[in-house]
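Worksheet for the structure shown next.
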Amino acid sequence: MTPEKAKEFQRIMKNRPHVVILGAGATVAAIPNGDKNGKKSSVMDGFIEKLGMTQIIQDAGLKTKSSNLEDIYTELHERDDCNEIRSLLDQRIRGYFSAIEIPDEPNIYDLLLLSLRKKDLVGTFNWDPLLLQAYQRVSKITKDLPDLAFLHGNVLVGCCPDHKYGGIIYAKCPQCGNYFQPGRLLYPIREKNYAEDPYIKDNWNAIRNRLRSAYLVTIFGYSAPKTDSEAIALMKEAWGSVDDRNLEDFEFIDIRSEDELTDSWSDFVHSHHYEVHSSFFASSLGKHPRRTTVELFDRTMECKFTRATRKFEPDMDWIKVKKLVEVLVKEEVEIGDDEFLSIESA
Ligand SMILES: [Zn+2]
C-alpha cells in the first residue's frame, strides 16, 4: 500500500459507524435509583400490578399463571376476545412510561449521545422517553449527534399516518403539517412483523444500513430474548458472516456473565473480537467519547497503546461535560477533509 492509500484507508476506517443497541438494562443503569421523581422503570415481574391491571387480567381468565408482561401479552395477542384489554394495557403502559423524567444532572443517556457522532447510530428497544429527553438537552451542546432508531416504538415518538415522517410526539409532519400521532409500541411476542408499520420499518432499515458498514458495535443491556428471533435475524443478516468481520469489534455493557452474553451473540462475535464491561464508564464510549472508532483503529491497526485521557467519569457535572465535549468538537471541526483524528498514546 502506498503512503497515500494507507492514509486514505485510515481515514475511511475511522469514519465508519459505531452502532449502539440499547435494551432494558441500559435504562436500569441510567436510573438505578429511579427517575427524577424516584419512579422506577421496569417491565419485569410485578409490572402488571404497578399498572393496576392485575384484576382485569385475572377476570379475563388467562391460562398463564405468570405475572410477566411477555407471557401475558402473548396470550392476549392470540385471543380475539381480548382486544379491549389489550388496548387498555397499551394505554396504561403509555401513561406509565410517559411520566418517566430524566434526572437534572448529566445522565448516562446524555453521555452516551455525546460520546457518538453523526456517522453513528443508537438503536433502542426501550419504550421509555429517557433517550429522547437526553437528546433534547444535549443538542444544545452540539448538533453533531448520532441518529436514533426506535426498534419497538417509543412513548415519545409519533408519526404521520399518511407520510413517512416521524419524530418527537408534539411535532408536526413536514409534508402535511398535521400533528404526529402516537406511534405503535411493539410488544414482546414471537411474531412481531417489523415490516407492518411503515415508521418502525424505516427505523429497522436505518439500523440495518448502519450495521452493514459498522466498525464497532456496542450492545448495552440488551438480552437478545429468544422471543425476539426476528430482531436477531434482521441484525444478523445486516452484519453478515463473522468470518468477514475480523477487523470489527463487538462490545457488551452488561452485568451478566461473559458466558451468557457470548451464548446469546455467538452468531455475531469473532472468536476473541469482543470486550465485556460491567459499566458504561469502562466501555469505549465512556473512555474515548467521540473517538471510539478512532481509538479502535489506532489500537488494533497501528498497534498503539492508547490512553484514555479525555473520558467521561461518574458524577461529572454539566460544566465539566460541556467543557470536554467542546474541546473534542473543536478538534473535529478543525480537521481537514482528507485528514484523520488520532488518539494520544503512551
Ligand atoms: Zn403527513
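Within each chain, counting starts at residue 1; across the C-alpha cells, chains are named A, B, ... in the order shown, with ligands numbered 1 upward in that order.
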
* To do: May I have the residues within 12 Å of Glu105 (chain A) as number ranges by chain, using only C-alpha atoms and disregarding those fewer than 5 positions away in the same chain?
  => A: 30-31, 35-36, 110-111, 134, 137-138, 314-321

Mind dumping a table of every chain A residue within 8 Å of ligand 1, with the nearest atom pair and its distance in Å to one decimal, using only C-alpha atoms and all ligand atoms, sorted by chain and rising number, as CSV?
residue,atom,partner,partner_atom_place_in_ligand_line,distance
A:Cys160,CA,ligand 1,1 (Zn),4.7
A:Pro161,CA,ligand 1,1 (Zn),6.7
A:Asp162,CA,ligand 1,1 (Zn),5.2
A:His163,CA,ligand 1,1 (Zn),4.5
A:Lys164,CA,ligand 1,1 (Zn),7.4
A:Tyr165,CA,ligand 1,1 (Zn),6.8
A:Lys172,CA,ligand 1,1 (Zn),7.8
A:Cys173,CA,ligand 1,1 (Zn),4.6
A:Pro174,CA,ligand 1,1 (Zn),6.6
A:Gln175,CA,ligand 1,1 (Zn),5.0
A:Cys176,CA,ligand 1,1 (Zn),4.2
A:Gly177,CA,ligand 1,1 (Zn),6.3
A:Asn178,CA,ligand 1,1 (Zn),6.1
A:Phe180,CA,ligand 1,1 (Zn),7.8

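Here the strand (DSSP E) residues in region 82-222 of chain A, by DSSP on the backbone, are Leu121, Val122, Gly123, Thr124, Asp147, Leu148, Ala149, Phe150, Val157, Gly158, Cys159, Gly166, Gly167, Ile168, Gln181, Pro182, Leu216, Val217, Thr218, Ile219 and Phe220 of chain A.
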
Atoms to include: C-alpha atoms. Write the selected residues as a PDB file, in the first residue's frame.
ATOM      1  CA  LEU A 121     -26.456   5.308  15.356  1.00  0.00           C
ATOM      2  CA  VAL A 122     -28.205   4.372  18.589  1.00  0.00           C
ATOM      3  CA  GLY A 123     -30.956   1.764  18.182  1.00  0.00           C
ATOM      4  CA  THR A 124     -33.169   1.211  21.203  1.00  0.00           C
ATOM      5  CA  ASP A 147     -29.014   9.103  14.540  1.00  0.00           C
ATOM      6  CA  LEU A 148     -31.657   7.295  16.567  1.00  0.00           C
ATOM      7  CA  ALA A 149     -33.740   4.232  15.704  1.00  0.00           C
ATOM      8  CA  PHE A 150     -36.721   3.130  17.813  1.00  0.00           C
ATOM      9  CA  VAL A 157     -42.260   9.115  19.256  1.00  0.00           C
ATOM     10  CA  GLY A 158     -45.076   9.939  16.904  1.00  0.00           C
ATOM     11  CA  CYS A 159     -45.502   9.633  13.167  1.00  0.00           C
ATOM     12  CA  GLY A 166     -41.846  10.587  12.394  1.00  0.00           C
ATOM     13  CA  GLY A 167     -40.300  12.379  15.327  1.00  0.00           C
ATOM     14  CA  ILE A 168     -40.970  13.722  18.768  1.00  0.00           C
ATOM     15  CA  GLN A 181     -49.999  10.690  16.121  1.00  0.00           C
ATOM     16  CA  PRO A 182     -48.644   8.306  18.740  1.00  0.00           C
ATOM     17  CA  LEU A 216     -17.742  -1.134  16.160  1.00  0.00           C
ATOM     18  CA  VAL A 217     -20.952  -2.420  17.774  1.00  0.00           C
ATOM     19  CA  THR A 218     -21.911  -1.977  21.426  1.00  0.00           C
ATOM     20  CA  ILE A 219     -24.761  -3.962  22.972  1.00  0.00           C
ATOM     21  CA  PHE A 220     -25.850  -2.183  26.149  1.00  0.00           C
TER      22      PHE A 220
END

* Mind checking DSSP for region 86-198 of chain A and telling me the helix (DSSP H, G or I) residues as a VMD selection string? -> chain A and resid 86 to 98 108 to 114 130 to 138 198

Serialized selection, C-alpha atoms, as a PDB file, in the first residue's frame:
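Contents of selection_1.pdb, as written:
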ATOM      1  CA  ARG A  86     -55.036  -5.184  25.042  1.00  0.00           C
ATOM      2  CA  SER A  87     -55.828  -1.596  24.195  1.00  0.00           C
ATOM      3  CA  LEU A  88     -56.325  -0.767  27.884  1.00  0.00           C
ATOM      4  CA  LEU A  89     -52.944  -2.325  28.664  1.00  0.00           C
ATOM      5  CA  ASP A  90     -51.408  -0.273  25.858  1.00  0.00           C
ATOM      6  CA  GLN A  91     -52.906   2.934  27.296  1.00  0.00           C
ATOM      7  CA  ARG A  92     -51.665   2.170  30.801  1.00  0.00           C
ATOM      8  CA  ILE A  93     -48.176   1.335  29.561  1.00  0.00           C
ATOM      9  CA  ARG A  94     -48.008   4.614  27.623  1.00  0.00           C
ATOM     10  CA  GLY A  95     -49.200   6.502  30.674  1.00  0.00           C
ATOM     11  CA  TYR A  96     -46.641   4.817  32.896  1.00  0.00           C
ATOM     12  CA  PHE A  97     -43.637   5.402  30.659  1.00  0.00           C
ATOM     13  CA  SER A  98     -44.689   8.891  29.539  1.00  0.00           C
ATOM     14  CA  ILE A 108     -25.633   8.020  31.204  1.00  0.00           C
ATOM     15  CA  TYR A 109     -28.047   8.619  28.294  1.00  0.00           C
ATOM     16  CA  ASP A 110     -26.715  12.185  27.894  1.00  0.00           C
ATOM     17  CA  LEU A 111     -23.123  10.936  27.913  1.00  0.00           C
ATOM     18  CA  LEU A 112     -23.941   8.088  25.547  1.00  0.00           C
ATOM     19  CA  LEU A 113     -25.317  10.516  22.948  1.00  0.00           C
ATOM     20  CA  LEU A 114     -22.423  12.945  23.396  1.00  0.00           C
ATOM     21  CA  LEU A 130     -35.143   8.949  28.578  1.00  0.00           C
ATOM     22  CA  LEU A 131     -33.066   8.774  25.388  1.00  0.00           C
ATOM     23  CA  LEU A 132     -35.184  11.419  23.635  1.00  0.00           C
ATOM     24  CA  GLN A 133     -35.248  13.618  26.724  1.00  0.00           C
ATOM     25  CA  ALA A 134     -31.453  13.401  26.821  1.00  0.00           C
ATOM     26  CA  TYR A 135     -31.255  14.150  23.098  1.00  0.00           C
ATOM     27  CA  GLN A 136     -33.234  17.367  23.511  1.00  0.00           C
ATOM     28  CA  ARG A 137     -30.859  18.780  26.112  1.00  0.00           C
ATOM     29  CA  VAL A 138     -27.516  17.591  24.695  1.00  0.00           C
ATOM     30  CA  PRO A 198     -44.068   1.903   7.933  1.00  0.00           C
TER      31      PRO A 198
END

* To do: For Asp267 (chain A), list every protein, DNA or RNA residue within 8 Å, evaluated using only C-alpha atoms, and leave out those in the same chain fewer than 5 positions away; present the list as an MDAnalysis selection string.
  => chainID A and resid 236 241:242

For the residues in the current selection, export N, CA and C atoms as a compact mmCIF listing (two decimals), in the first residue's frame.
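Written file, result.txt:
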# COMPACT_ATOMS: atom_id res chain seq x y z
N LYS A 236 -28.57 -9.94 12.15
CA LYS A 236 -27.59 -10.91 11.68
C LYS A 236 -27.39 -10.79 10.15
N SER A 241 -21.45 -12.60 7.82
CA SER A 241 -20.70 -13.70 8.44
C SER A 241 -19.60 -13.19 9.35
N VAL A 242 -19.42 -13.86 10.49
CA VAL A 242 -18.36 -13.43 11.41
C VAL A 242 -16.98 -13.51 10.75

* **Spatial neighbours of Ile207 (chain A), 12 Å, only C-alpha atoms, chain gap at least 2 places, as a PyMOL selection string** => chain A and resi 17-21+119-125+146-151+200-205+209-214+217+231+234-239

* Find the residue from A:Val329, A:Ile335, A:Val276, A:Cys303 that sits nearest to Asp259 (chain A); use only C-alpha atoms when measuring. => A:Val276

* Write out as a PyMOL selection string which residues come within 8 Å of Leu62 (chain A) when counting only C-alpha atoms, dropping same-chain ones fewer than 2 positions away. => chain A and resi 57-58+60+64-65+72+75-76

* Excluding same-chain residues fewer than 4 positions from Phe312 (chain A), what lies within 7 Å of it counting only C-alpha atoms, as a list in words? -> Phe281, Gly286 and Lys287 of chain A

Restricting the output to N, CA and C atoms, write the selected residues as a short mmCIF file (atom, residue, chain, number, x, y, z; two decimals), in the first residue's frame.
data_model
loop_
_atom_site.label_atom_id
_atom_site.label_comp_id
_atom_site.auth_asym_id
_atom_site.auth_seq_id
_atom_site.Cartn_x
_atom_site.Cartn_y
_atom_site.Cartn_z
N PHE A 281 -18.91 3.52 31.91
CA PHE A 281 -17.67 4.29 32.02
C PHE A 281 -16.42 3.48 31.67
N GLY A 286 -17.41 5.52 27.20
CA GLY A 286 -17.03 6.31 28.36
C GLY A 286 -15.56 6.72 28.33
N LYS A 287 -14.70 5.83 27.83
CA LYS A 287 -13.25 6.10 27.87
C LYS A 287 -12.75 6.95 26.69
#

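CA of His277 (chain A) sits 6.3 Å away from CA of Asp254 (chain A).
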
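Of the listed residues A:Lys226, A:Lys311, A:His273, A:Lys7, the one whose atoms come nearest to His288 (chain A) is A:Lys311, with distances taken using only C-alpha atoms.
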
* **Straight-line distance linking CA of Leu296 (chain A) with CA of Gly221 (chain A), stated in Å to one decimal** => 21.6 Å

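The two atoms in question, CA of Glu295 (chain A) and CA of Asp144 (chain A), are spaced 18.7 Å apart.
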
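Using only C-alpha atoms for every distance, the candidate list A:Ile102, A:Leu156, A:Ile56, A:Cys82 yields A:Ile102 as the residue closest to Gly34 (chain A).
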
* To do: Within 7 Å of Ser115 (chain A), counting only C-alpha atoms, which residues show up once you throw out same-chain ones fewer than 4 positions away? Write them as a PyMOL selection string, please.
  => chain A and resi 111+285+289-290
